[in-house]
>>> print(open('protein25.pdb').read())   # PDB, C-alpha atoms
ATOM      1  CA  MET A  18     -11.999 117.518  27.595
ATOM      2  CA  GLU A  19     -12.556 119.732  24.552
ATOM      3  CA  GLU A  20      -9.895 117.801  22.682
ATOM      4  CA  VAL A  21     -11.698 114.518  23.426
ATOM      5  CA  VAL A  22     -14.996 115.965  22.153
ATOM      6  CA  LEU A  23     -13.294 117.154  18.956
ATOM      7  CA  ARG A  24     -11.787 113.722  18.417
ATOM      8  CA  LEU A  25     -15.240 112.155  18.910
ATOM      9  CA  ALA A  26     -16.734 114.498  16.314
ATOM     10  CA  GLU A  27     -13.990 113.589  13.829
ATOM     11  CA  LEU A  28     -14.485 109.884  14.526
ATOM     12  CA  LEU A  29     -18.305 109.798  14.397
ATOM     13  CA  PHE A  30     -18.871 112.445  11.703
ATOM     14  CA  PRO A  31     -15.708 112.437   9.575
ATOM     15  CA  SER A  32     -17.285 113.977   6.458
ATOM     16  CA  ILE A  33     -19.768 116.314   8.184
ATOM     17  CA  ALA A  34     -18.737 119.779   9.322
ATOM     18  CA  ASP A  35     -20.284 122.078  11.952
ATOM     19  CA  VAL A  36     -21.429 119.280  14.285
ATOM     20  CA  ALA A  37     -20.477 119.129  17.963
ATOM     21  CA  VAL A  38     -20.738 115.885  19.954
ATOM     22  CA  LEU A  39     -22.068 116.509  23.459
ATOM     23  CA  SER A  40     -22.140 112.959  24.856
ATOM     24  CA  VAL A  41     -21.989 109.290  23.869
ATOM     25  CA  ASP A  42     -23.963 106.632  25.742
ATOM     26  CA  VAL A  43     -23.081 102.984  24.976
ATOM     27  CA  ASN A  44     -24.889  99.879  26.237
ATOM     28  CA  ASP A  45     -25.180  96.263  25.094
ATOM     29  CA  GLU A  46     -27.801  96.985  22.432
ATOM     30  CA  ALA A  47     -27.406 100.549  21.214
ATOM     31  CA  VAL A  48     -25.164 103.588  20.954
ATOM     32  CA  GLN A  49     -26.858 106.946  21.548
ATOM     33  CA  ILE A  50     -24.991 110.066  20.446
ATOM     34  CA  GLU A  51     -26.122 113.513  21.528
ATOM     35  CA  ALA A  52     -25.044 116.239  19.148
ATOM     36  CA  ARG A  53     -25.940 119.719  17.936
ATOM     37  CA  SER A  54     -25.113 122.096  15.139
ATOM     38  CA  THR A  55     -22.429 124.739  15.675
ATOM     39  CA  VAL A  56     -23.613 127.095  12.914
ATOM     40  CA  ALA A  57     -24.885 130.454  14.144
ATOM     41  CA  GLY A  58     -27.855 130.550  11.773
ATOM     42  CA  ALA A  59     -29.671 128.844   8.919
ATOM     43  CA  VAL A  60     -31.144 129.591   5.485
ATOM     44  CA  CYS A  61     -34.896 129.796   4.944
ATOM     45  CA  PRO A  62     -35.904 127.031   2.483
ATOM     46  CA  ASP A  63     -38.509 129.279   0.802
ATOM     47  CA  CYS A  64     -36.923 132.700   0.304
ATOM     48  CA  GLY A  65     -33.254 131.801   0.916
ATOM     49  CA  SER A  66     -32.725 134.476   3.588
ATOM     50  CA  TRP A  67     -30.162 133.958   6.349
ATOM     51  CA  SER A  68     -31.575 134.050   9.863
ATOM     52  CA  ARG A  69     -29.989 134.080  13.321
ATOM     53  CA  ARG A  70     -33.206 134.583  15.288
ATOM     54  CA  ILE A  71     -33.988 131.381  17.205
ATOM     55  CA  HIS A  72     -37.647 130.682  17.791
ATOM     56  CA  SER A  73     -37.377 127.387  19.699
ATOM     57  CA  SER A  74     -35.635 124.025  19.671
ATOM     58  CA  TYR A  75     -36.553 120.366  19.843
ATOM     59  CA  ARG A  76     -34.936 116.936  19.794
ATOM     60  CA  ARG A  77     -34.712 114.712  16.748
ATOM     61  CA  PHE A  78     -33.747 111.022  16.762
ATOM     62  CA  PRO A  79     -32.647 109.839  13.299
ATOM     63  CA  ALA A  80     -31.231 106.319  12.977
ATOM     64  CA  ASP A  81     -27.626 106.019  11.865
ATOM     65  CA  VAL A  82     -25.311 103.329  10.490
ATOM     66  CA  PRO A  83     -24.712 100.551  13.087
ATOM     67  CA  SER A  84     -21.404 100.495  14.965
ATOM     68  CA  GLY A  85     -19.842  97.257  16.216
ATOM     69  CA  GLY A  86     -23.105  95.370  15.772
ATOM     70  CA  ARG A  87     -25.004  97.890  17.899
ATOM     71  CA  ARG A  88     -27.852 100.095  16.760
ATOM     72  CA  VAL A  89     -26.871 103.775  16.582
ATOM     73  CA  ALA A  90     -29.375 106.535  17.307
ATOM     74  CA  LEU A  91     -28.612 110.237  17.170
ATOM     75  CA  CYS A  92     -30.145 112.709  19.575
ATOM     76  CA  LEU A  93     -29.891 116.009  17.703
ATOM     77  CA  ARG A  94     -30.769 119.327  19.269
ATOM     78  CA  VAL A  95     -32.438 121.076  16.330
ATOM     79  CA  ARG A  96     -33.214 124.793  16.386
ATOM     80  CA  ARG A  97     -36.184 126.473  14.762
ATOM     81  CA  PHE A  98     -35.466 129.921  13.312
ATOM     82  CA  LEU A  99     -37.659 132.901  12.487
ATOM     83  CA  CYS A 100     -37.599 134.038   8.878
ATOM     84  CA  PRO A 101     -36.506 137.725   8.736
ATOM     85  CA  VAL A 102     -38.495 138.453   5.554
ATOM     86  CA  ILE A 103     -42.014 139.458   6.515
ATOM     87  CA  PRO A 104     -43.689 138.755   3.113
ATOM     88  CA  CYS A 105     -42.284 135.220   3.175
ATOM     89  CA  GLY A 106     -45.016 132.707   3.773
ATOM     90  CA  ARG A 107     -42.853 130.583   6.062
ATOM     91  CA  ARG A 108     -42.713 132.229   9.473
ATOM     92  CA  THR A 109     -40.439 129.624  11.106
ATOM     93  CA  PHE A 110     -38.254 126.826   9.780
ATOM     94  CA  ALA A 111     -36.080 124.078  11.236
ATOM     95  CA  GLU A 112     -32.373 123.850  10.495
ATOM     96  CA  GLN A 113     -30.974 120.911   8.538
ATOM     97  CA  LEU A 114     -27.465 119.545   9.024
ATOM     98  CA  SER A 115     -25.923 119.267   5.575
ATOM     99  CA  GLY A 116     -24.881 115.694   4.812
ATOM    100  CA  LEU A 117     -26.624 114.341   7.895
ATOM    101  CA  THR A 118     -30.367 115.058   7.846
ATOM    102  CA  ARG A 119     -33.162 116.083   5.482
ATOM    103  CA  ARG A 120     -36.743 117.238   6.001
ATOM    104  CA  TYR A 121     -38.987 114.556   7.507
ATOM    105  CA  GLY A 122     -36.114 112.063   7.342
ATOM    106  CA  ARG A 123     -36.068 109.295   9.943
ATOM    107  CA  ARG A 124     -32.580 108.159   8.918
ATOM    108  CA  THR A 125     -29.276 109.911   8.413
ATOM    109  CA  GLU A 126     -28.074 110.485   4.873
ATOM    110  CA  ARG A 127     -25.296 107.883   5.174
ATOM    111  CA  LEU A 128     -27.721 105.210   6.414
ATOM    112  CA  ARG A 129     -30.127 106.179   3.656
ATOM    113  CA  SER A 130     -27.423 105.824   0.994
ATOM    114  CA  THR A 131     -26.296 102.488   2.478
ATOM    115  CA  LEU A 132     -29.818 101.038   2.357
ATOM    116  CA  ALA A 133     -30.300 102.388  -1.175
ATOM    117  CA  ALA A 134     -27.105 100.584  -2.259
ATOM    118  CA  VAL A 135     -28.395  97.346  -0.693
ATOM    119  CA  GLY A 136     -31.711  97.801  -2.493
ATOM    120  CA  LEU A 137     -29.958  98.373  -5.820
ATOM    121  CA  ALA A 138     -27.885  95.199  -5.367
ATOM    122  CA  LEU A 139     -30.502  92.813  -3.954
ATOM    123  CA  ALA A 140     -33.918  94.498  -4.413
ATOM    124  CA  GLY A 141     -36.631  94.145  -1.784
ATOM    125  CA  ARG A 142     -36.874  90.859   0.087
ATOM    126  CA  ALA A 143     -33.224  89.798  -0.121
ATOM    127  CA  GLY A 144     -32.084  93.336   0.729
ATOM    128  CA  ALA A 145     -34.347  93.437   3.792
ATOM    129  CA  ARG A 146     -32.882  90.144   5.011
ATOM    130  CA  LEU A 147     -29.321  91.433   4.608
ATOM    131  CA  ALA A 148     -30.135  94.752   6.315
ATOM    132  CA  ARG A 149     -31.549  92.830   9.272
ATOM    133  CA  VAL A 150     -28.251  90.926   9.552
ATOM    134  CA  PHE A 151     -26.144  94.058  10.053
ATOM    135  CA  GLY A 152     -28.609  95.565  12.533
ATOM    136  CA  VAL A 153     -31.022  97.726  10.532
ATOM    137  CA  PRO A 154     -34.473  96.111  10.429
ATOM    138  CA  VAL A 155     -36.263  97.534   7.416
ATOM    139  CA  SER A 156     -39.085  96.359   5.168
ATOM    140  CA  ARG A 157     -38.771  95.481   1.504
ATOM    141  CA  SER A 158     -41.164  98.311   0.607
ATOM    142  CA  THR A 159     -38.899 100.854   2.296
ATOM    143  CA  LEU A 160     -35.898  99.607   0.333
ATOM    144  CA  LEU A 161     -37.810  99.861  -2.929
ATOM    145  CA  ARG A 162     -38.946 103.398  -2.088
ATOM    146  CA  LEU A 163     -35.340 104.418  -1.394
ATOM    147  CA  VAL A 164     -34.289 102.982  -4.763
ATOM    148  CA  GLU A 165     -37.140 104.756  -6.574
ATOM    149  CA  ALA A 166     -36.132 108.069  -4.959
ATOM    150  CA  LEU A 167     -32.627 107.883  -6.429
ATOM    151  CA  PRO A 168     -31.966 110.187  -9.399
ATOM    152  CA  ASP A 169     -31.730 108.573 -12.800
ATOM    153  CA  PRO A 170     -28.125 107.847 -13.808
ATOM    154  CA  GLN A 171     -26.574 109.886 -16.567
ATOM    155  CA  VAL A 172     -26.639 107.662 -19.651
ATOM    156  CA  PRO A 173     -24.311 108.591 -22.533
ATOM    157  CA  ALA A 174     -25.925 109.176 -25.902
ATOM    158  CA  PRO A 175     -26.112 105.830 -27.733
ATOM    159  CA  ARG A 176     -24.445 105.330 -31.103
ATOM    160  CA  VAL A 177     -26.096 102.017 -32.077
ATOM    161  CA  VAL A 178     -29.743 101.648 -31.066
ATOM    162  CA  GLY A 179     -31.846  98.499 -31.089
ATOM    163  CA  VAL A 180     -35.598  98.983 -31.573
ATOM    164  CA  ASP A 181     -38.234  96.380 -30.790
ATOM    165  CA  GLU A 182     -41.728  96.134 -29.384
ATOM    166  CA  TYR A 183     -42.916  94.903 -25.992
ATOM    167  CA  ALA A 184     -46.378  93.993 -24.773
ATOM    168  CA  THR A 185     -48.077  95.195 -21.615
ATOM    169  CA  ARG A 186     -51.043  93.063 -22.658
ATOM    170  CA  LYS A 187     -50.274  90.639 -25.437
ATOM    171  CA  GLY A 188     -52.411  91.138 -28.507
ATOM    172  CA  ARG A 189     -53.796  94.481 -27.266
ATOM    173  CA  ASN A 190     -51.314  96.981 -25.811
ATOM    174  CA  TYR A 191     -47.809  97.340 -27.221
ATOM    175  CA  GLY A 192     -44.944  99.768 -26.680
ATOM    176  CA  THR A 193     -41.437 100.340 -28.032
ATOM    177  CA  ILE A 194     -38.218  99.478 -26.221
ATOM    178  CA  LEU A 195     -34.914 101.079 -27.200
ATOM    179  CA  VAL A 196     -31.630  99.423 -26.278
ATOM    180  CA  ASP A 197     -28.030 100.596 -26.493
ATOM    181  CA  VAL A 198     -26.619  97.710 -28.508
ATOM    182  CA  GLU A 199     -22.990  98.421 -27.579
ATOM    183  CA  SER A 200     -23.554  98.424 -23.804
ATOM    184  CA  ARG A 201     -26.534  96.006 -23.983
ATOM    185  CA  ARG A 202     -28.592  98.206 -21.663
ATOM    186  CA  PRO A 203     -32.165  99.467 -22.112
ATOM    187  CA  VAL A 204     -32.258 103.196 -22.833
ATOM    188  CA  ASP A 205     -35.932 104.139 -22.922
ATOM    189  CA  LEU A 206     -39.490 102.850 -23.195
ATOM    190  CA  LEU A 207     -42.095 104.449 -25.441
ATOM    191  CA  PRO A 208     -45.792 103.997 -24.570
ATOM    192  CA  ASP A 209     -46.764 102.957 -28.108
ATOM    193  CA  ARG A 210     -45.225 101.609 -31.301
ATOM    194  CA  GLU A 211     -46.164 104.454 -33.626
ATOM    195  CA  ALA A 212     -43.711 105.728 -36.217
ATOM    196  CA  SER A 213     -44.182 109.324 -35.009
ATOM    197  CA  SER A 214     -43.140 108.471 -31.446
ATOM    198  CA  LEU A 215     -39.982 106.699 -32.617
ATOM    199  CA  ALA A 216     -39.155 109.505 -35.050
ATOM    200  CA  ALA A 217     -39.494 112.152 -32.313
ATOM    201  CA  TRP A 218     -37.241 110.155 -29.972
ATOM    202  CA  LEU A 219     -34.549 109.672 -32.619
ATOM    203  CA  ALA A 220     -34.687 113.306 -33.739
ATOM    204  CA  LYS A 221     -33.598 114.433 -30.251
ATOM    205  CA  ARG A 222     -30.432 112.291 -30.525
ATOM    206  CA  PRO A 223     -28.568 113.242 -33.699
ATOM    207  CA  GLY A 224     -25.522 111.160 -32.719
ATOM    208  CA  ILE A 225     -27.198 107.853 -33.577
ATOM    209  CA  GLU A 226     -25.356 106.162 -36.435
ATOM    210  CA  VAL A 227     -27.001 102.709 -36.663
ATOM    211  CA  VAL A 228     -30.589 101.598 -36.033
ATOM    212  CA  CYS A 229     -31.074  97.852 -35.606
ATOM    213  CA  ARG A 230     -34.753  96.939 -35.878
ATOM    214  CA  ASP A 231     -37.177  94.276 -36.952
ATOM    215  CA  ARG A 232     -38.982  94.457 -40.267
ATOM    216  CA  ALA A 233     -42.129  96.226 -39.037
ATOM    217  CA  PRO A 234     -43.103  99.051 -41.427
ATOM    218  CA  PHE A 235     -43.799 101.567 -38.646
ATOM    219  CA  PHE A 236     -40.276 101.097 -37.218
ATOM    220  CA  ALA A 237     -38.779 101.542 -40.702
ATOM    221  CA  GLU A 238     -40.763 104.729 -41.260
ATOM    222  CA  GLY A 239     -39.919 106.131 -37.829
ATOM    223  CA  ALA A 240     -36.190 105.427 -38.251
ATOM    224  CA  THR A 241     -36.160 106.997 -41.725
ATOM    225  CA  VAL A 242     -37.886 110.188 -40.581
ATOM    226  CA  GLY A 243     -36.200 110.574 -37.182
ATOM    227  CA  ALA A 244     -32.645 109.517 -38.087
ATOM    228  CA  PRO A 245     -32.078 109.882 -41.845
ATOM    229  CA  GLN A 246     -28.306 109.881 -41.281
ATOM    230  CA  ALA A 247     -28.358 106.442 -39.593
ATOM    231  CA  VAL A 248     -27.815 103.097 -41.273
ATOM    232  CA  GLN A 249     -30.760 100.725 -40.779
ATOM    233  CA  GLY A 250     -30.314  96.996 -40.379
ATOM    234  CA  ALA A 251     -32.502  94.044 -39.481
ATOM    235  CA  ASP A 252     -31.351  92.077 -36.465
ATOM    236  CA  ARG A 253     -30.223  88.479 -36.901
ATOM    237  CA  TRP A 254     -32.988  86.916 -34.812
ATOM    238  CA  HIS A 255     -35.772  88.380 -36.947
ATOM    239  CA  LEU A 256     -33.977  87.390 -40.156
ATOM    240  CA  TRP A 257     -33.675  83.772 -39.029
ATOM    241  CA  HIS A 258     -37.225  83.826 -37.685
ATOM    242  CA  ASN A 259     -38.644  85.134 -40.970
ATOM    243  CA  LEU A 260     -36.540  82.633 -42.938
ATOM    244  CA  SER A 261     -37.752  79.702 -40.846
ATOM    245  CA  GLU A 262     -41.372  80.803 -41.233
ATOM    246  CA  ALA A 263     -40.946  81.089 -45.011
ATOM    247  CA  ALA A 264     -39.299  77.671 -45.190
ATOM    248  CA  GLU A 265     -42.085  76.153 -43.092
ATOM    249  CA  ARG A 266     -44.755  77.620 -45.374
ATOM    250  CA  CYS A 267     -42.885  76.392 -48.450
ATOM    251  CA  VAL A 268     -42.603  72.852 -47.091
ATOM    252  CA  ALA A 269     -46.277  72.866 -46.106
ATOM    253  CA  ASP A 270     -47.302  73.977 -49.604
ATOM    254  CA  HIS A 271     -45.236  71.202 -51.259
ATOM    255  CA  ARG A 272     -45.905  68.376 -48.841
ATOM    256  CA  ARG A 273     -47.500  66.313 -51.643
ATOM    257  CA  CYS A 274     -44.225  66.407 -53.547
ATOM    258  CA  LEU A 275     -42.411  65.068 -50.515
ATOM    259  CA  ARG A 276     -44.735  62.066 -50.253
ATOM    260  CA  VAL A 277     -43.428  60.798 -53.584
ATOM    261  CA  LEU A 278     -39.932  60.646 -52.141
ATOM    262  CA  ALA A 279     -41.063  58.815 -48.995
ATOM    263  CA  PRO A 280     -39.624  55.280 -48.677
ATOM    264  CA  ASP A 281     -41.787  52.223 -49.319
ATOM    265  CA  HIS A 282     -42.837  50.843 -45.947
ATOM    266  CA  ALA A 283     -43.543  47.424 -47.495
ATOM    267  CA  GLN A 284     -39.802  46.694 -47.532
ATOM    268  CA  PRO A 285     -38.313  47.613 -44.170
ATOM    269  CA  ALA A 286     -35.026  49.463 -44.410
ATOM    270  CA  PRO A 287     -32.013  47.773 -42.830
ATOM    271  CA  LYS A 288     -31.344  48.977 -39.309
ATOM    272  CA  PRO A 289     -27.998  50.752 -38.896
ATOM    273  CA  ASP A 290     -25.501  49.168 -36.583
ATOM    274  CA  LYS A 291     -25.426  50.741 -33.144
ATOM    275  CA  VAL A 292     -22.118  52.407 -32.435
ATOM    276  CA  GLN A 293     -20.978  52.597 -28.847
ATOM    277  CA  ASP A 294     -20.616  56.244 -27.787
ATOM    278  CA  PRO A 295     -17.260  56.713 -25.980
ATOM    279  CA  THR A 296     -18.547  59.814 -24.119
ATOM    280  CA  GLY A 297     -21.065  57.768 -22.119
ATOM    281  CA  SER A 298     -23.978  59.925 -23.304
ATOM    282  CA  PRO A 299     -27.463  58.423 -22.752
ATOM    283  CA  TRP A 300     -28.249  59.401 -26.362
ATOM    284  CA  PRO A 301     -26.132  57.226 -28.678
ATOM    285  CA  THR A 302     -24.605  58.371 -31.943
ATOM    286  CA  GLY A 303     -27.060  57.924 -34.795
ATOM    287  CA  HIS A 304     -30.054  59.030 -32.760
ATOM    288  CA  ARG A 305     -31.918  61.791 -34.594
ATOM    289  CA  PHE A 306     -32.444  64.039 -31.564
ATOM    290  CA  ALA A 307     -28.913  63.544 -30.228
ATOM    291  CA  ASP A 308     -27.196  64.276 -33.551
ATOM    292  CA  ARG A 309     -29.250  67.420 -34.087
ATOM    293  CA  THR A 310     -28.441  68.692 -30.583
ATOM    294  CA  ARG A 311     -24.724  68.002 -31.023
ATOM    295  CA  ALA A 312     -24.708  69.823 -34.359
ATOM    296  CA  LYS A 313     -26.424  72.870 -32.829
ATOM    297  CA  HIS A 314     -23.969  72.849 -29.918
ATOM    298  CA  ALA A 315     -20.984  72.797 -32.270
ATOM    299  CA  THR A 316     -22.433  75.594 -34.429
ATOM    300  CA  ILE A 317     -23.111  77.829 -31.428
ATOM    301  CA  HIS A 318     -19.576  77.442 -30.104
ATOM    302  CA  GLU A 319     -18.121  78.159 -33.540
ATOM    303  CA  LEU A 320     -20.077  81.442 -33.615
ATOM    304  CA  LEU A 321     -18.952  82.312 -30.082
ATOM    305  CA  ALA A 322     -15.323  81.593 -30.979
ATOM    306  CA  GLY A 323     -15.703  83.913 -33.945
ATOM    307  CA  GLY A 324     -16.755  86.778 -31.679
ATOM    308  CA  LEU A 325     -20.490  86.749 -32.357
TER     309      LEU A 325
END
>>> encode(input="protein25.pdb", output="structure tokens")
Amino acid sequence: MEEVVLRLAELLFPSIADVAVLSVDVNDEAVQIEARSTVAGAVCPDCGSWSRRIHSSYRRFPADVPSGGRRVALCLRVRRFLCPVIPCGRRTFAEQLSGLTRRYGRRTERLRSTLAAVGLALAGRAGARLARVFGVPVSRSTLLRLVEALPDPQVPAPRVVGVDEYATRKGRNYGTILVDVESRRPVDLLPDREASSLAAWLAKRPGIEVVCRDRAPFFAEGATVGAPQAVQGADRWHLWHNLSEAAERCVADHRRCLRVLAPDHAQPAPKPDKVQDPTGSPWPTGHRFADRTRAKHATIHELLAGGL
């Protein structure tokens, strides 16, 4: 019988030590596992003292990962210990099973990590629908709270940083977004777009070699002060945007000169012969909109083929 219980503990809790399975009750809807800790004592969470003095015990029912389409509930016999240090403010404390439970947790650690992974992949509503499929009904808000409780991932120090502004309220409140250009991932958000804030952020990261920014003077000043060793460059979008704005202003200023070159409408120009498009496109060759779109399409694919 003891061998069977040991095999059950290895099967149900393969990565958790010091847990003994007392019984397993299976029905059509759920699997209830009764277990307890086999450790002789526990550590006080406040002072860190080891205690073997048992004050009382109670039952705890955390939800676990489903098994065979059935809901799994643990019935844990949890002991409450007396703290041996008299000056410690915590007189009693409950034991926690490492890798299985945490304080005030209604789910086991493996179910918690599973739901957090679902929330990371699908977010709230879609994640809640998927969790309901494999037998864990949970709300979208719970999934989002589990995701928010995860520690921030360790991000390597960027080498090429993109700097731009973002608006929390357009025309009024602006901040600064910093992006790792090589991995194409956001790195940080600054609450404003002041040169001092950008300079302080860059000064803490001396490994930055290139700063790609727009042509705003406060970004130029912040990059110069915070990362004097970095090469500064304007990104392509802002260059083309500034060039198009300058060309538009130039054309608007010289629109009277263009009227002289306009054709005389008294003599209608001969209509070009319509050429049948072999591709079957609804926009025939020679149409102004169609030709411009085809030219843009060809240019974009040439840039992509060149690795841009």
>>> residues_around(input="protein25.pdb", residues="Thr159 in chain A", least_positions_apart="2", cutoff="10 Å", atoms="all atoms listed in the file", output="PDB file with C-alpha atoms, in the frame of the given file")
ATOM      1  CA  LEU A 132     -29.818 101.038   2.357  1.00  0.00           C
ATOM      2  CA  ALA A 133     -30.300 102.388  -1.175  1.00  0.00           C
ATOM      3  CA  GLY A 136     -31.711  97.801  -2.493  1.00  0.00           C
ATOM      4  CA  GLY A 141     -36.631  94.145  -1.784  1.00  0.00           C
ATOM      5  CA  ALA A 145     -34.347  93.437   3.792  1.00  0.00           C
ATOM      6  CA  VAL A 155     -36.263  97.534   7.416  1.00  0.00           C
ATOM      7  CA  SER A 156     -39.085  96.359   5.168  1.00  0.00           C
ATOM      8  CA  ARG A 157     -38.771  95.481   1.504  1.00  0.00           C
ATOM      9  CA  LEU A 161     -37.810  99.861  -2.929  1.00  0.00           C
ATOM     10  CA  ARG A 162     -38.946 103.398  -2.088  1.00  0.00           C
ATOM     11  CA  LEU A 163     -35.340 104.418  -1.394  1.00  0.00           C
ATOM     12  CA  VAL A 164     -34.289 102.982  -4.763  1.00  0.00           C
ATOM     13  CA  GLU A 165     -37.140 104.756  -6.574  1.00  0.00           C
TER      14      GLU A 165
END
>>> axis_aligned_box(input="protein25.pdb", around="range 99-118 of chain A", padding_each_side="3 Å", output="lines of an AutoDock Vina configuration file")
center_x = -34.9
center_y = 126.9
center_z = 7.8
size_x = 26.1
size_y = 31.1
size_z = 15.4
>>> resolve_selection(input="protein25.pdb", expression="the PyMOL selection byres ((chain A and resi 56-61) around 12)", output="count of residues only")
37
>>> closest_residue(input="protein25.pdb", among="A:Glu46, A:Glu199, A:Asp205, A:Glu262", to="Glu182 in chain A", atoms="all atoms listed in the file")
A:Asp205
>>> resolve_selection(input="protein25.pdb", expression="the PyMOL selection byres ((chain A and resi 80-89) around 9)", output="JSON, numbers by chain")
{"A": [43, 44, 45, 46, 47, 48, 49, 50, 78, 79, 90, 91, 123, 124, 125, 126, 127, 128, 129, 131, 151, 152, 153]}
